[in-house]
Each structure stands twice: as structure tokens, then as C-alpha cells.
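Peer 1: My structure is stored as model-v2.txt, with compact mmCIF, C-alpha atoms.
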```txt
# COMPACT_ATOMS: atom_id res chain seq x y z
CA MET A 33 -0.78 12.48 -36.52
CA ALA A 34 -1.83 9.42 -34.60
CA ILE A 35 -0.40 9.10 -31.13
CA THR A 36 -1.05 6.12 -28.92
CA VAL A 37 -2.17 6.96 -25.40
CA ARG A 38 -1.90 4.31 -22.71
CA ILE A 39 -4.70 4.66 -20.19
CA PRO A 40 -4.09 3.45 -16.62
CA THR A 41 -6.73 1.34 -14.87
CA PRO A 42 -8.13 4.17 -12.67
CA LEU A 43 -8.93 6.30 -15.76
CA ARG A 44 -10.44 3.61 -17.91
CA LYS A 45 -13.93 4.50 -16.84
CA TYR A 46 -13.61 7.52 -19.15
CA THR A 47 -12.52 5.41 -22.13
CA SER A 48 -15.21 2.73 -21.86
CA GLY A 49 -12.64 0.38 -20.40
CA LYS A 50 -10.11 0.77 -23.22
CA ASP A 51 -6.48 0.50 -22.07
CA GLU A 52 -5.16 2.24 -25.16
CA VAL A 53 -6.67 4.97 -27.32
CA SER A 54 -5.52 7.09 -30.23
CA ALA A 55 -5.33 10.87 -30.03
CA GLU A 56 -3.89 13.79 -31.94
CA GLY A 57 -1.81 16.84 -31.21
CA LYS A 58 1.47 18.52 -32.12
CA THR A 59 2.23 19.07 -28.45
CA LEU A 60 1.24 17.29 -25.29
CA LYS A 61 -1.13 20.12 -24.45
CA GLU A 62 -2.98 19.70 -27.74
CA LEU A 63 -3.08 15.97 -27.26
CA LEU A 64 -4.64 16.25 -23.82
CA GLN A 65 -7.25 18.68 -25.20
CA ASP A 66 -8.06 16.21 -27.96
CA LEU A 67 -8.29 13.43 -25.38
CA GLU A 68 -10.77 15.44 -23.29
CA LYS A 69 -12.84 16.16 -26.40
CA ASN A 70 -13.31 12.46 -27.08
CA TYR A 71 -13.32 11.18 -23.51
CA SER A 72 -15.07 13.80 -21.51
CA GLY A 73 -13.97 14.05 -17.87
CA ILE A 74 -10.53 12.53 -18.32
CA GLY A 75 -8.84 15.95 -18.60
CA ALA A 76 -9.76 16.99 -15.08
CA ARG A 77 -8.20 13.84 -13.69
CA ILE A 78 -4.91 14.64 -15.38
CA MET A 79 -4.77 18.44 -15.14
CA ASP A 80 -5.76 20.87 -12.41
CA GLU A 81 -7.96 23.99 -12.77
CA LYS A 82 -5.00 25.98 -14.05
CA GLY A 83 -4.26 23.42 -16.72
CA ALA A 84 -1.05 22.11 -15.13
CA ILE A 85 -0.41 18.38 -14.87
CA ARG A 86 -1.51 17.18 -11.44
CA ARG A 87 1.27 16.37 -9.02
CA PHE A 88 0.18 12.80 -8.46
CA VAL A 89 0.02 12.01 -12.19
CA ASN A 90 3.06 11.56 -14.38
CA ILE A 91 3.06 11.57 -18.15
CA TYR A 92 5.71 9.82 -20.17
CA LEU A 93 6.55 10.36 -23.81
CA ASN A 94 7.73 6.91 -24.81
CA ASP A 95 9.88 6.15 -21.73
CA GLU A 96 10.76 9.73 -20.74
CA ASP A 97 8.99 11.81 -18.09
CA VAL A 98 7.67 14.96 -19.81
CA ARG A 99 8.67 17.03 -16.76
CA PHE A 100 12.25 16.53 -17.88
CA LYS A 101 11.35 17.48 -21.44
CA SER A 102 9.13 20.52 -22.09
CA ASN A 103 6.17 19.50 -19.98
CA LEU A 104 2.91 20.43 -21.72
CA GLU A 105 4.85 22.00 -24.58
CA THR A 106 6.68 18.77 -25.35
CA PRO A 107 6.43 18.23 -29.11
CA LEU A 108 4.94 14.97 -30.31
CA LYS A 109 5.32 13.10 -33.55
CA ASP A 110 3.48 10.39 -35.36
CA GLY A 111 3.97 6.99 -33.78
CA ASP A 112 4.82 8.30 -30.30
CA THR A 113 3.34 6.64 -27.25
CA ILE A 114 2.10 8.68 -24.31
CA SER A 115 1.66 6.87 -20.99
CA ILE A 116 -0.33 8.35 -18.16
CA ILE A 117 0.92 6.91 -14.88
CA PRO A 118 -0.76 7.88 -11.63
CA ALA A 119 0.51 7.01 -8.17
CA ILE A 120 -1.09 3.80 -6.94
CA ALA A 121 -0.98 2.68 -3.36
CA GLY A 122 -2.28 -0.84 -3.27
CA GLY A 123 -0.97 -3.96 -1.84
CA ALA A 124 -4.54 -4.87 -1.25
CA PRO A 125 -7.74 -2.91 -0.80
CA ALA A 126 -7.60 -1.23 2.58
CA LYS A 127 -11.30 -1.75 3.31
CA LYS A 128 -10.61 -3.99 6.26
CA THR A 129 -8.39 -1.54 8.06
CA ASN A 130 -11.36 0.76 8.58
CA MET A 131 -13.41 -1.94 10.26
CA ILE A 132 -13.20 -2.25 14.00
CA LYS A 133 -14.68 -4.33 16.75
CA LYS A 134 -15.29 -2.74 20.10
CA LYS A 135 -16.65 -4.36 23.22
CA VAL A 136 -18.52 -2.09 25.58
CA TYR A 137 -20.88 -2.22 28.54
CA LEU A 138 -24.03 -0.19 28.17
CA THR A 139 -25.60 0.78 31.46
CA TYR A 140 -28.85 2.67 31.70
CA GLN A 141 -31.44 3.84 34.18
CA LYS A 142 -35.04 2.89 34.63
CA ARG A 143 -36.48 5.31 32.11
CA LEU A 144 -34.85 3.47 29.22
CA LEU A 145 -35.78 -0.02 30.38
CA ASN A 146 -38.87 -0.26 28.21
CA LYS A 147 -37.43 1.55 25.21
CA PRO A 148 -36.12 -0.68 22.39
CA PHE A 149 -33.03 1.48 21.96
CA ILE A 150 -30.74 -1.32 20.75
CA TRP A 151 -33.24 -2.16 18.02
CA GLU A 152 -33.39 1.54 17.16
CA ALA A 153 -29.58 1.77 17.11
CA SER A 154 -29.22 -1.16 14.74
CA ARG A 155 -31.67 0.46 12.33
CA LYS A 156 -29.96 3.85 12.48
CA PHE A 157 -26.33 2.75 12.21
CA ASP A 158 -24.46 0.37 9.96
CA VAL A 159 -22.97 -1.46 12.92
CA VAL A 160 -23.38 -5.09 13.93
CA ILE A 161 -24.47 -5.16 17.57
CA ASN A 162 -23.80 -8.50 19.17
CA ILE A 163 -25.10 -8.96 22.72
CA GLY A 164 -22.73 -10.97 24.89
CA THR A 165 -24.35 -10.54 28.26
CA ALA A 166 -27.38 -8.72 29.63
CA SER A 167 -28.97 -8.24 32.98
CA VAL A 168 -31.71 -6.03 34.28
CA SER A 169 -32.09 -5.71 38.00
CA GLY A 170 -34.34 -3.29 39.79
CA ASP A 171 -34.02 -0.04 37.98
CA LEU A 172 -30.66 -0.61 36.27
CA GLY A 173 -29.96 -2.26 32.94
CA LEU A 174 -26.56 -3.57 31.91
CA VAL A 175 -25.77 -5.01 28.48
CA GLY A 176 -22.37 -6.14 27.27
CA VAL A 177 -22.15 -5.76 23.50
CA GLU A 178 -19.64 -6.08 20.72
CA LEU A 179 -19.94 -3.34 18.11
CA GLU A 180 -18.55 -4.15 14.69
CA GLY A 181 -18.38 -1.78 11.76
CA LYS A 182 -16.52 1.13 10.26
CA ALA A 183 -14.58 3.03 12.91
CA SER A 184 -16.46 6.26 12.17
CA GLU A 185 -19.85 4.52 12.27
CA VAL A 186 -19.04 2.80 15.59
CA GLU A 187 -17.98 6.13 17.06
CA SER A 188 -21.20 7.83 15.87
CA LEU A 189 -23.23 5.05 17.45
CA ILE A 190 -21.43 5.46 20.77
CA THR A 191 -22.11 9.20 20.67
CA TRP A 192 -25.78 8.46 19.97
CA PHE A 193 -25.96 6.04 22.92
CA LYS A 194 -24.50 8.69 25.19
CA LYS A 195 -27.00 11.27 23.97
CA LYS A 196 -29.79 8.84 24.86
CA GLY A 197 -28.46 8.74 28.41
CA VAL A 198 -26.76 5.37 28.12
CA LYS A 199 -23.41 5.08 29.85
CA VAL A 200 -20.81 3.48 27.54
CA GLU A 201 -17.75 1.86 29.09
CA PRO A 202 -15.11 -0.21 27.32
CA ILE A 203 -14.87 -3.83 28.36
CA GLU A 204 -11.39 -5.10 29.05
CA GLN A 205 -10.65 -7.79 26.48
CA THR A 206 -10.08 -10.35 29.22
CA VAL A 207 -13.55 -10.00 30.69
CA LEU A 208 -15.43 -11.52 27.78
CA GLU A 209 -12.71 -13.74 26.37
CA MET B 242 31.39 -20.92 7.68
CA PHE B 243 28.44 -23.03 6.62
CA THR B 244 27.11 -26.00 8.51
CA ASN B 245 26.58 -29.22 6.55
CA THR B 246 22.84 -28.60 6.52
CA GLN B 247 23.38 -25.12 5.16
CA ILE B 248 25.61 -26.42 2.37
CA GLU B 249 22.86 -28.86 1.46
CA ARG B 250 20.10 -26.25 1.72
CA TYR B 251 21.86 -23.56 -0.30
CA ALA B 252 23.67 -25.89 -2.75
CA ARG B 253 21.97 -24.43 -5.85
CA HIS B 254 23.04 -20.94 -4.83
CA ILE B 255 26.55 -21.93 -3.84
CA ILE B 256 27.23 -23.56 -7.22
CA LEU B 257 25.60 -20.65 -9.08
CA GLU B 258 28.06 -18.23 -10.62
CA GLY B 259 27.05 -14.75 -9.44
CA VAL B 260 25.98 -15.95 -6.00
CA GLY B 261 28.42 -18.62 -4.80
CA GLY B 262 29.46 -19.27 -1.22
CA LYS B 263 30.41 -15.64 -0.77
CA GLY B 264 27.03 -14.41 -1.94
CA GLN B 265 25.24 -16.90 0.25
CA GLU B 266 27.19 -15.64 3.23
CA LYS B 267 26.09 -12.09 2.40
CA LEU B 268 22.48 -13.25 2.31
CA LEU B 269 22.80 -15.01 5.66
CA LYS B 270 24.24 -11.86 7.21
CA ALA B 271 21.65 -9.54 5.64
CA ARG B 272 18.91 -7.83 7.63
CA VAL B 273 15.83 -6.92 5.62
CA LEU B 274 12.69 -5.16 6.83
CA VAL B 275 9.50 -6.25 5.08
CA ILE B 276 6.73 -3.73 5.71
CA GLY B 277 3.30 -5.23 5.16
CA ALA B 278 2.65 -8.96 5.48
CA GLY B 279 -0.08 -9.10 2.86
CA GLY B 280 -0.28 -9.74 -0.86
CA LEU B 281 3.14 -8.31 -1.63
CA GLY B 282 4.73 -9.23 1.69
CA SER B 283 3.85 -12.91 1.25
CA PRO B 284 6.03 -13.79 -1.74
CA ILE B 285 8.67 -11.33 -0.51
CA ALA B 286 9.05 -12.94 2.91
CA LEU B 287 8.77 -16.50 1.60
CA TYR B 288 11.42 -16.07 -1.11
CA LEU B 289 13.80 -14.11 1.10
CA ALA B 290 13.47 -16.85 3.71
CA ALA B 291 14.00 -19.61 1.17
CA SER B 292 17.05 -17.77 -0.17
CA GLY B 293 18.54 -17.66 3.29
CA VAL B 294 18.29 -13.97 4.19
CA GLY B 295 19.44 -14.19 7.80
CA THR B 296 17.19 -11.67 9.53
CA LEU B 297 13.72 -10.68 8.44
CA GLY B 298 11.84 -7.92 10.21
CA ILE B 299 8.12 -8.17 9.48
CA VAL B 300 5.77 -5.27 10.16
CA ASP B 301 1.96 -5.58 10.15
CA PHE B 302 -0.74 -4.54 12.58
CA ASP B 303 -3.54 -6.60 11.05
CA VAL B 304 -4.90 -10.09 11.65
CA VAL B 305 -5.41 -12.69 8.93
CA ASP B 306 -8.87 -12.48 7.39
CA MET B 307 -10.51 -15.11 5.19
CA SER B 308 -10.69 -12.55 2.35
CA ASN B 309 -6.89 -12.23 2.41
CA LEU B 310 -6.29 -15.83 1.39
CA GLN B 311 -7.18 -15.22 -2.28
CA ARG B 312 -3.70 -13.67 -2.65
CA GLN B 313 -1.76 -13.62 0.62
CA ILE B 314 -0.11 -17.00 0.17
CA MET B 315 1.98 -16.84 3.33
CA HIS B 316 -1.18 -17.17 5.43
CA SER B 317 -3.57 -20.08 5.50
CA THR B 318 -7.07 -21.11 6.45
CA ALA B 319 -5.62 -22.34 9.73
CA THR B 320 -4.20 -18.92 10.63
CA VAL B 321 -7.37 -16.87 10.02
CA GLY B 322 -7.92 -14.61 13.01
CA ILE B 323 -4.35 -14.54 14.27
CA PRO B 324 -1.95 -11.62 13.83
CA LYS B 325 -0.34 -11.58 10.39
CA VAL B 326 3.13 -11.30 11.88
CA ASP B 327 2.61 -14.55 13.81
CA SER B 328 1.21 -16.33 10.78
CA ALA B 329 4.13 -14.96 8.71
CA GLU B 330 6.70 -16.11 11.23
CA ALA B 331 5.28 -19.64 11.19
CA ALA B 332 5.36 -19.72 7.36
CA VAL B 333 8.93 -18.40 7.22
CA LYS B 334 10.18 -20.79 9.88
CA ALA B 335 8.50 -23.72 8.14
CA ILE B 336 10.50 -22.96 4.99
CA ASN B 337 13.76 -22.10 6.69
CA PRO B 338 14.41 -22.31 10.42
CA ASP B 339 17.76 -20.51 9.88
CA VAL B 340 15.98 -17.21 9.46
CA SER B 341 15.47 -15.12 12.55
CA VAL B 342 12.21 -13.26 12.42
CA ILE B 343 11.61 -10.01 14.29
CA LYS B 344 7.94 -9.14 14.53
CA TYR B 345 6.43 -5.66 14.74
CA ASN B 346 2.73 -6.10 15.40
CA PHE B 347 1.74 -2.44 15.28
CA LYS B 348 1.19 0.40 12.90
CA LEU B 349 4.20 2.38 11.73
CA SER B 350 4.11 6.07 12.49
CA SER B 351 6.42 9.07 12.48
CA GLU B 352 7.13 8.20 16.12
CA ASN B 353 8.50 4.69 15.66
CA ILE B 354 9.64 4.11 12.07
CA LEU B 355 13.15 5.58 12.25
CA ASP B 356 13.95 3.56 15.31
CA ILE B 357 12.87 0.37 13.56
CA ILE B 358 14.54 0.82 10.18
CA LYS B 359 17.89 1.86 11.61
CA ASP B 360 18.67 -1.80 12.36
CA TYR B 361 18.17 -2.96 8.76
CA ASP B 362 20.24 -2.93 5.58
CA LEU B 363 17.25 -2.64 3.32
CA VAL B 364 13.55 -1.80 3.46
CA ILE B 365 10.86 -3.40 1.29
CA ASP B 366 7.57 -1.56 0.96
CA GLY B 367 4.63 -3.93 0.57
CA THR B 368 2.02 -1.69 2.16
CA ASP B 369 -1.38 -0.72 0.85
CA SER B 370 -1.91 2.97 1.54
CA PHE B 371 -0.52 6.35 0.54
CA PRO B 372 0.13 7.49 4.13
CA ALA B 373 2.29 4.40 4.77
CA ARG B 374 4.13 4.73 1.48
CA TYR B 375 5.05 8.39 2.00
CA LEU B 376 6.06 7.71 5.59
CA ILE B 377 8.32 4.84 4.50
CA ASN B 378 9.76 6.88 1.62
CA ASP B 379 10.64 9.84 3.80
CA ALA B 380 12.05 7.66 6.57
CA CYS B 381 14.24 5.79 4.06
CA VAL B 382 15.53 9.06 2.55
CA LEU B 383 16.23 10.55 5.98
CA SER B 384 18.09 7.45 7.14
CA GLY B 385 19.79 6.60 3.84
CA LYS B 386 18.20 3.20 3.29
CA LYS B 387 17.19 1.83 -0.08
CA ASN B 388 13.46 1.24 -0.44
CA VAL B 389 12.36 -1.62 -2.67
CA TYR B 390 8.98 -0.43 -3.79
CA GLY B 391 6.06 -2.36 -5.25
CA SER B 392 2.47 -1.33 -5.69
CA ILE B 393 -0.59 -2.84 -7.32
CA PHE B 394 -4.00 -1.80 -8.51
CA LYS B 395 -6.57 -4.25 -9.92
CA PHE B 396 -4.58 -5.88 -12.76
CA GLU B 397 -1.59 -3.52 -12.90
CA GLY B 398 1.54 -3.17 -10.87
CA GLN B 399 4.61 -0.96 -10.48
CA ALA B 400 8.00 -1.74 -9.00
CA THR B 401 11.27 0.13 -8.54
CA VAL B 402 14.05 0.80 -6.05
CA PHE B 403 13.77 4.20 -4.40
CA SER B 404 16.12 6.36 -2.38
CA SER B 405 19.47 5.03 -3.42
CA PRO B 406 22.05 7.83 -3.40
CA ASP B 407 21.97 8.22 -7.18
CA GLY B 408 18.31 7.49 -7.82
CA PRO B 409 14.94 9.12 -7.24
CA CYS B 410 12.56 8.67 -4.33
CA LEU B 411 8.78 8.44 -4.37
CA ARG B 412 8.43 12.21 -3.97
CA CYS B 413 10.67 12.83 -6.99
CA LEU B 414 7.89 11.15 -8.97
CA TYR B 415 4.88 12.29 -6.99
CA PRO B 416 5.73 15.12 -4.58
CA GLU B 417 2.58 14.63 -2.51
CA PRO B 418 0.02 11.90 -2.02
CA PRO B 419 -3.16 12.45 -4.02
CA PRO B 420 -5.89 14.26 -2.12
CA PRO B 421 -8.86 12.17 -0.99
CA GLY B 422 -11.37 12.11 -3.82
CA MET B 423 -8.77 11.78 -6.57
CA VAL B 424 -8.02 8.13 -6.04
CA PRO B 425 -10.45 5.30 -6.67
CA SER B 426 -12.44 4.06 -3.74
CA CYS B 427 -10.87 1.10 -2.00
CA GLN B 428 -14.20 -0.68 -1.77
CA GLU B 429 -14.68 -0.66 -5.50
CA ALA B 430 -11.08 -1.64 -6.18
CA GLY B 431 -10.64 -5.39 -5.76
CA VAL B 432 -7.40 -7.01 -6.83
CA PHE B 433 -6.37 -9.85 -9.14
CA GLY B 434 -5.14 -12.53 -6.74
CA VAL B 435 -1.99 -13.54 -8.64
CA LEU B 436 -0.90 -9.93 -9.28
CA PRO B 437 0.91 -9.29 -5.95
CA GLY B 438 2.73 -12.59 -6.52
CA PHE B 439 4.40 -11.20 -9.62
CA ILE B 440 5.21 -7.77 -8.19
CA GLY B 441 6.32 -9.21 -4.82
CA VAL B 442 8.71 -11.61 -6.56
CA VAL B 443 10.19 -8.67 -8.49
CA GLN B 444 10.73 -6.87 -5.16
CA ALA B 445 12.33 -9.95 -3.61
CA THR B 446 14.57 -10.31 -6.69
CA GLU B 447 15.73 -6.70 -6.45
CA ALA B 448 16.34 -7.00 -2.70
CA ILE B 449 18.51 -10.09 -3.21
CA LYS B 450 20.43 -8.43 -6.06
CA LEU B 451 21.10 -5.40 -3.86
CA ILE B 452 22.38 -7.62 -1.05
CA LEU B 453 24.60 -9.55 -3.44
CA GLY B 454 25.67 -6.41 -5.29
CA THR B 455 25.05 -8.19 -8.55
CA GLY B 456 23.33 -7.31 -11.81
CA LYS B 457 21.68 -4.06 -12.80
CA PRO B 458 19.33 -2.85 -10.09
CA LEU B 459 15.90 -1.38 -10.85
CA ILE B 460 17.13 2.10 -9.96
CA GLY B 461 16.15 5.06 -12.12
CA ARG B 462 13.67 2.83 -13.89
CA MET B 463 10.15 1.88 -12.98
CA MET B 464 8.77 -1.43 -14.11
CA LEU B 465 5.14 -1.38 -15.17
CA TYR B 466 3.27 -4.64 -15.36
CA ASP B 467 -0.10 -5.23 -16.95
CA ALA B 468 -1.42 -8.71 -16.20
CA LEU B 469 -4.28 -8.52 -18.72
CA ARG B 470 -1.99 -7.62 -21.61
CA MET B 471 0.77 -9.76 -20.12
CA GLU B 472 3.13 -6.92 -20.76
CA VAL B 473 6.11 -5.60 -18.87
CA ARG B 474 7.39 -2.12 -19.73
CA GLU B 475 9.70 0.33 -18.08
CA VAL B 476 9.92 4.10 -17.91
CA LYS B 477 12.89 6.22 -16.87
CA ILE B 478 12.51 7.92 -13.53
CA ARG B 479 14.86 10.62 -12.35
CA LYS B 480 16.00 12.26 -9.21
CA ASP B 481 14.25 15.65 -9.07
CA PRO B 482 16.52 18.46 -7.81
CA GLU B 483 13.32 20.15 -6.59
CA CYS B 484 12.18 17.05 -4.67
CA PRO B 485 10.67 18.11 -1.34
CA VAL B 486 12.57 15.42 0.58
CA CYS B 487 15.69 14.35 -1.35
CA GLY B 488 16.19 17.48 -3.47
CA GLU B 489 18.67 20.30 -3.04
CA HIS B 490 16.47 22.36 -0.75
CA PRO B 491 14.29 19.89 1.09
CA THR B 492 11.10 21.18 2.70
CA VAL B 493 10.16 17.83 4.22
CA THR B 494 12.72 17.51 6.99
CA HIS B 495 10.68 15.56 9.48
CA LEU B 496 8.18 12.74 9.09
CA ILE B 497 4.53 13.37 8.34
CA ASP B 498 1.59 11.18 9.39
CA TYR B 499 -0.90 11.68 6.59
CA GLU B 500 -4.53 10.96 7.36
CA GLU B 501 -5.80 7.59 6.24
CA PHE B 502 -8.18 8.06 3.34
CA CYS B 503 -10.03 5.84 1.04
CA GLY B 504 -11.04 7.67 -2.10
CA ILE B 505 -14.11 9.01 -3.74
CA ARG B 506 -17.70 8.12 -3.05
```
When written as C-alpha cells, how does the structure in this file appear?
Peer 2:
Amino acid sequence: MAITVRIPTPLRKYTSGKDEVSAEGKTLKELLQDLEKNYSGIGARIMDEKGAIRRFVNIYLNDEDVRFKSNLETPLKDGDTISIIPAIAGGAPAKKTNMIKKKVYLTYQKRLLNKPFIWEASRKFDVVINIGTASVSGDLGLVGVELEGKASEVESLITWFKKKGVKVEPIEQTVLE
Amino acid sequence: MFTNTQIERYARHIILEGVGGKGQEKLLKARVLVIGAGGLGSPIALYLAASGVGTLGIVDFDVVDMSNLQRQIMHSTATVGIPKVDSAEAAVKAINPDVSVIKYNFKLSSENILDIIKDYDLVIDGTDSFPARYLINDACVLSGKKNVYGSIFKFEGQATVFSSPDGPCLRCLYPEPPPPGMVPSCQEAGVFGVLPGFIGVVQATEAIKLILGTGKPLIGRMMLYDALRMEVREVKIRKDPECPVCGEHPTVTHLIDYEEFCGIR
């Protein structure tokens, strides 16, 4: 009873990169158990804790969705092809959409003047801090910076600045540009 | 009626049985919304423009980045840093000044999508995230617009036409987007540069066929493409009576803004 199983790209890390493997079983359930036996970890990506097929994965027997056959009890025969087809979202990796640039003025009082807090910030956070303008007069410091990084990281940095006693104000785009 | 320039421009369509002058007129009158001006949106917008689709709405909130140019052929080195919708408009107009381009330089949400798609005959989904895809799907079902769907991952792609009256929608296949942690990390993903070209052209082809009302549309079937095997297959997809949005007892009756997520660590 050899059944061909087509493995989608996201699950190929369990099959050492193979896009097609052979498995055995009289029903889909048996086949998936056999698959897990030989490719440990793959089962949990296809089925949930209760053993049901996950809602964002579809399984096709030849070209038919098993949900419209007998689901896990769908009988299989020699020479059948099972295709596992997960939802994919891509047009392109969305990495860039998480990255932001934010221009802010940092103003701070005398007590921070001699503390290298921008140096400290750049070591603590994965954010590029680009200084556009800086002036220190009397007991007040003012630095205009552009913060570039993941949105969440930039926000954490701003919170950290505020905790340090640095006032953070957004710069209107037109001021620096 | 065509102008002399139009007759010259669309000559190969006009003499083509199955399109003809009548078909070309349909294309010129058509209004198509292309969502996403990236890897998929590039060939879609360029071919629809070349074919003479009269009105193209283009939605994208991003700016062109150097790393886009490996696959997003509508943009160029010269347009790095400018909004994708502006770069797209320039590319479309350079091919065919007949096309009127309507730009939407912002992110679609449950607040604005219905108002935008109501003016179009057809929607093409060339986005890159689950939240966008489910939003577009639900909006198309709720407003009765066909959704020409294409999606890619590394070397593989899928394409189909969702939410026609007799066919399934995205939720018939996958009722909910996968939870964060069950999809591969975007950072580790990468994409084969020519892949969106193939899938985008399939989407453009289906859109044009739907406008013309010709051929057998990719409804009730999903095309699966594997670039490494150079293999095209199809599976049957069906309308699910239990579908949460287009089924008999829908539970999704208003639009949902899913959180943006980007997979496992």
C-alpha cells in the first residue's frame, strides 16, 4: 500500500526538504499516523490536539478535498496521491511592513546632560538612532533624532526614554525635510 | 467607438476571435481594483493596462524599497523611496495612457474597504498577509464581487477565483486565518523573484476572461504551481454550506480587522 504524499513548502523541514514522500495506511487517519512515525513533528502541524485536521490545512485525496469525502476516515488505495495544502498568504515577505521610521525631539534637563543615554539606548534596543540636530544650552538639552526599526522596538525605546526623564515629542515631517 | 490610435493599439485583440471589437470595448469600460502593488500586483497592473482595462484602482500603503525590485517589475531603481501607487501609476501610464488610474495610498481596513470596492466590477487580491486576505474575502462576499486570488510562498503559488455566486470563498477552504506561530516566519521566508510573475499573470488572465465572459473561469478549482518541479496541478474546491461568511448560516456578518502577525520565532 504505497501512497504518495505531497508535502508543501512550509512542512518540508520535517521531511528533510523532500517535496514528496511515500506513506502507508488504509485510511487517511492511518496514513497521517504513519507519516508522523517517519517524520516526527509533522503530525502536529496537520492535526490539532484532538486529532482533527487543523482548520487552516486542507488535505486532498487526488483532486478532492477529504472534508467532502469521509475526512480522516476516507479510505485510501494503492497509487493514490494525498496533497497537504495549507493556507499561504504571501505576495512578498511582510518584513518591511513592520519597520518604521519616526522622527522625534528629545528634550532633557540638566541632570542627564553628562549621561551617555543615547549610547546606552542604542546598545539596549535594536533601533537605528540617527541624530539630525542637537543643541545644549544652559541646563536644557535638545536632540532631534530619527528612530528606525521594528515598530514594537521603537515604541519600547520611546517608553525607555520617557522613564529616564527624557521628554519625547514627534517632529512634524516638514521641520526636518 | 474606438479612436484610430485605439484601433492601432488593440489591433491584435480586435482581430482575435473570442475578444474582438466587442470584447475590447468591454475591457475599456471595465473597472478593476488591484489590491497590493507588489510582486503580484506588478504583472497584474501592467498586463491589465496593456490589455486596455479602462479603470484601474491600485491600493498600497507602502513605498518602493530596493529589496522589492528583485520581483516587483512595475517599480524601478528610479522610483525607490516613492509611494508604490505613484510608481505604479507612472508604469501603467507609460504602457497605456488610456487607462485611468485611481490611487489609494493607505491601508485597507474594515472602515474603508466596502466604500472602495463598491465602485469596481472586480477585485484582484495581490496582498501579502492573512489579515488583508480575510478582510478582502469577507468584503467581496458581503458586496457580491468576484475576488481573483493569488498567493505565493517561496517557490510555490496558488490561484483561484473566489466569491462568485456558485463558487467557494477563502473561508470555505480555510474558515479562519492560522494563529500566529503556525505559519512560517516572514523573515525566514524569502521568495523566488520570478514566482509572482507567473501567479500574477494567471490572475490577470482570469480577470480579463471574467470581463470578457469567455472561456472556463478558475472557479471551483484551485491552481497549484510549483516552480522547482515546473508543475501545474489543480484541486477541486467547493462552496461549504457551513462557511462562516458565505454559508447558509453566516456568523461573520461584519468585517474583522485581524491583528498583523508574522509567524513563529
Peer 1: Identify which of the residues B:Leu349, B:Val340, B:Leu281, B:Leu411 lies closest to B:Ser392, counting only C-alpha atoms when measuring atom-to-atom distances.
Peer 2: B:Leu281
Peer 1: I need the residue nearest B:Glu352 from this list: B:Ile497, B:Met242, B:Leu269, B:Ala335. Use all atoms listed in the file for the distance.
Peer 2: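 Result for the nearest residue to B:Glu352: B:Ile497.
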Peer 1: Just want the 12 Å neighbourhood of A:Val175, counted on only C-alpha atoms, with same-chain residues fewer than 5 positions away dropped. Output as a list of chain:residue names.
Peer 2: A:Lys135, A:Val136, A:Tyr137, A:Leu138, A:Thr139, A:Tyr140, A:Gln141, A:Leu145, A:Phe149, A:Ile150, A:Ile161, A:Asn162, A:Ile163, A:Gly164, A:Thr165, A:Ala166, A:Ser167, A:Val168, A:Ser169, A:Val198, A:Lys199, A:Val200, A:Glu201, A:Pro202, A:Ile203
Peer 1: At most 8 Å is the cut-off: for each residue in chain B with any atom that close to an atom of chain A, write down the nearest atom pair and the distance in Å rounded to one decimal, counting all atoms listed in the file, chain first then increasing number, as a Markdown table.
Peer 2:
```
| residue | atom | partner | partner_atom | distance |
| --- | --- | --- | --- | --- |
| B:Gly279 | CA | A:Gly123 | CA | 7.0 |
| B:Gly280 | CA | A:Gly123 | CA | 5.9 |
| B:Leu281 | CA | A:Gly123 | CA | 6.0 |
| B:Asp303 | CA | A:Thr129 | CA | 7.6 |
| B:Gly367 | CA | A:Gly123 | CA | 6.1 |
| B:Thr368 | CA | A:Gly123 | CA | 5.5 |
| B:Asp369 | CA | A:Gly122 | CA | 4.2 |
| B:Ser370 | CA | A:Ala121 | CA | 5.0 |
| B:Phe371 | CA | A:Ala121 | CA | 5.4 |
| B:Arg374 | CA | A:Ala121 | CA | 7.3 |
| B:Gly391 | CA | A:Gly123 | CA | 8.0 |
| B:Ser392 | CA | A:Gly122 | CA | 5.4 |
| B:Ile393 | CA | A:Gly122 | CA | 4.8 |
| B:Phe394 | CA | A:Gly122 | CA | 5.6 |
| B:Lys395 | CA | A:Thr41 | CA | 7.5 |
| B:Phe396 | CA | A:Thr41 | CA | 7.8 |
| B:Glu397 | CA | A:Thr41 | CA | 7.3 |
| B:Leu414 | CA | A:Asn90 | CA | 7.3 |
| B:Tyr415 | CA | A:Phe88 | CA | 5.0 |
| B:Pro416 | CA | A:Arg87 | CA | 6.4 |
| B:Glu417 | CA | A:Phe88 | CA | 6.7 |
| B:Pro418 | CA | A:Phe88 | CA | 6.5 |
| B:Pro419 | CA | A:Phe88 | CA | 5.6 |
| B:Met423 | CA | A:Arg77 | CA | 7.4 |
| B:Val424 | CA | A:Pro42 | CA | 7.7 |
| B:Pro425 | CA | A:Pro42 | CA | 6.5 |
| B:Cys427 | CA | A:Pro125 | CA | 5.2 |
| B:Gln428 | CA | A:Lys127 | CA | 5.9 |
| B:Ala430 | CA | A:Pro125 | CA | 6.5 |
| B:Gly431 | CA | A:Pro125 | CA | 6.3 |
| B:Val432 | CA | A:Ala124 | CA | 6.6 |
| B:Pro437 | CA | A:Gly123 | CA | 7.0 |
| B:Glu475 | CA | A:Asp95 | CA | 6.9 |
| B:Val476 | CA | A:Asp95 | CA | 4.3 |
| B:Lys477 | CA | A:Glu96 | CA | 5.6 |
| B:Ile478 | CA | A:Asp97 | CA | 7.0 |
| B:Cys503 | CA | A:Ala126 | CA | 7.6 |
```
Peer 1: First collect every listed atom of stretch 472-486 of chain B; then fit an axis-aligned box around them, widen it by 8 Å on each side, and give centre and edge lengths in Å to one decimal, as AutoDock Vina command-line options.
Peer 2:
```
--center_x 9.8 --center_y 6.6 --center_z -10.1 --size_x 29.4 --size_y 43.1 --size_z 37.3
```
Peer 1: So how far away is atom CA of A:Phe193 from atom CA of A:Arg155, in Å?
Peer 2: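 Those two atoms sit 13.3 Å apart.
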Peer 1: Measure the distance from atom CA of A:Lys182 to atom CA of B:Asp306 in Å and round it to one decimal.
Peer 2: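 Taking atom CA of A:Lys182 and atom CA of B:Asp306, their separation equals 15.9 Å.
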Peer 1: With distances taken over only C-alpha atoms, which residue among B:Gln399, B:Val493, B:Val364, B:Thr246 lies nearest B:Glu472?
Peer 2: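 Among the listed residues, B:Gln399 lies closest to B:Glu472.
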Peer 1: Set the distance at 8 Å and use all atoms listed in the file: which residues neighbour B:Ile460 once local chain neighbours fewer than 6 positions away are removed? I'd like the list as a ChimeraX atom specification.
Peer 2: /B:401-403,405,408-409
Peer 1: Take atom CA of B:Ile377 and atom CA of A:Ile85 and report the distance between them in Å, one decimal.
Peer 2: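 Taking atom CA of B:Ile377 as the start and atom CA of A:Ile85 as the end point, the length is 25.2 Å.
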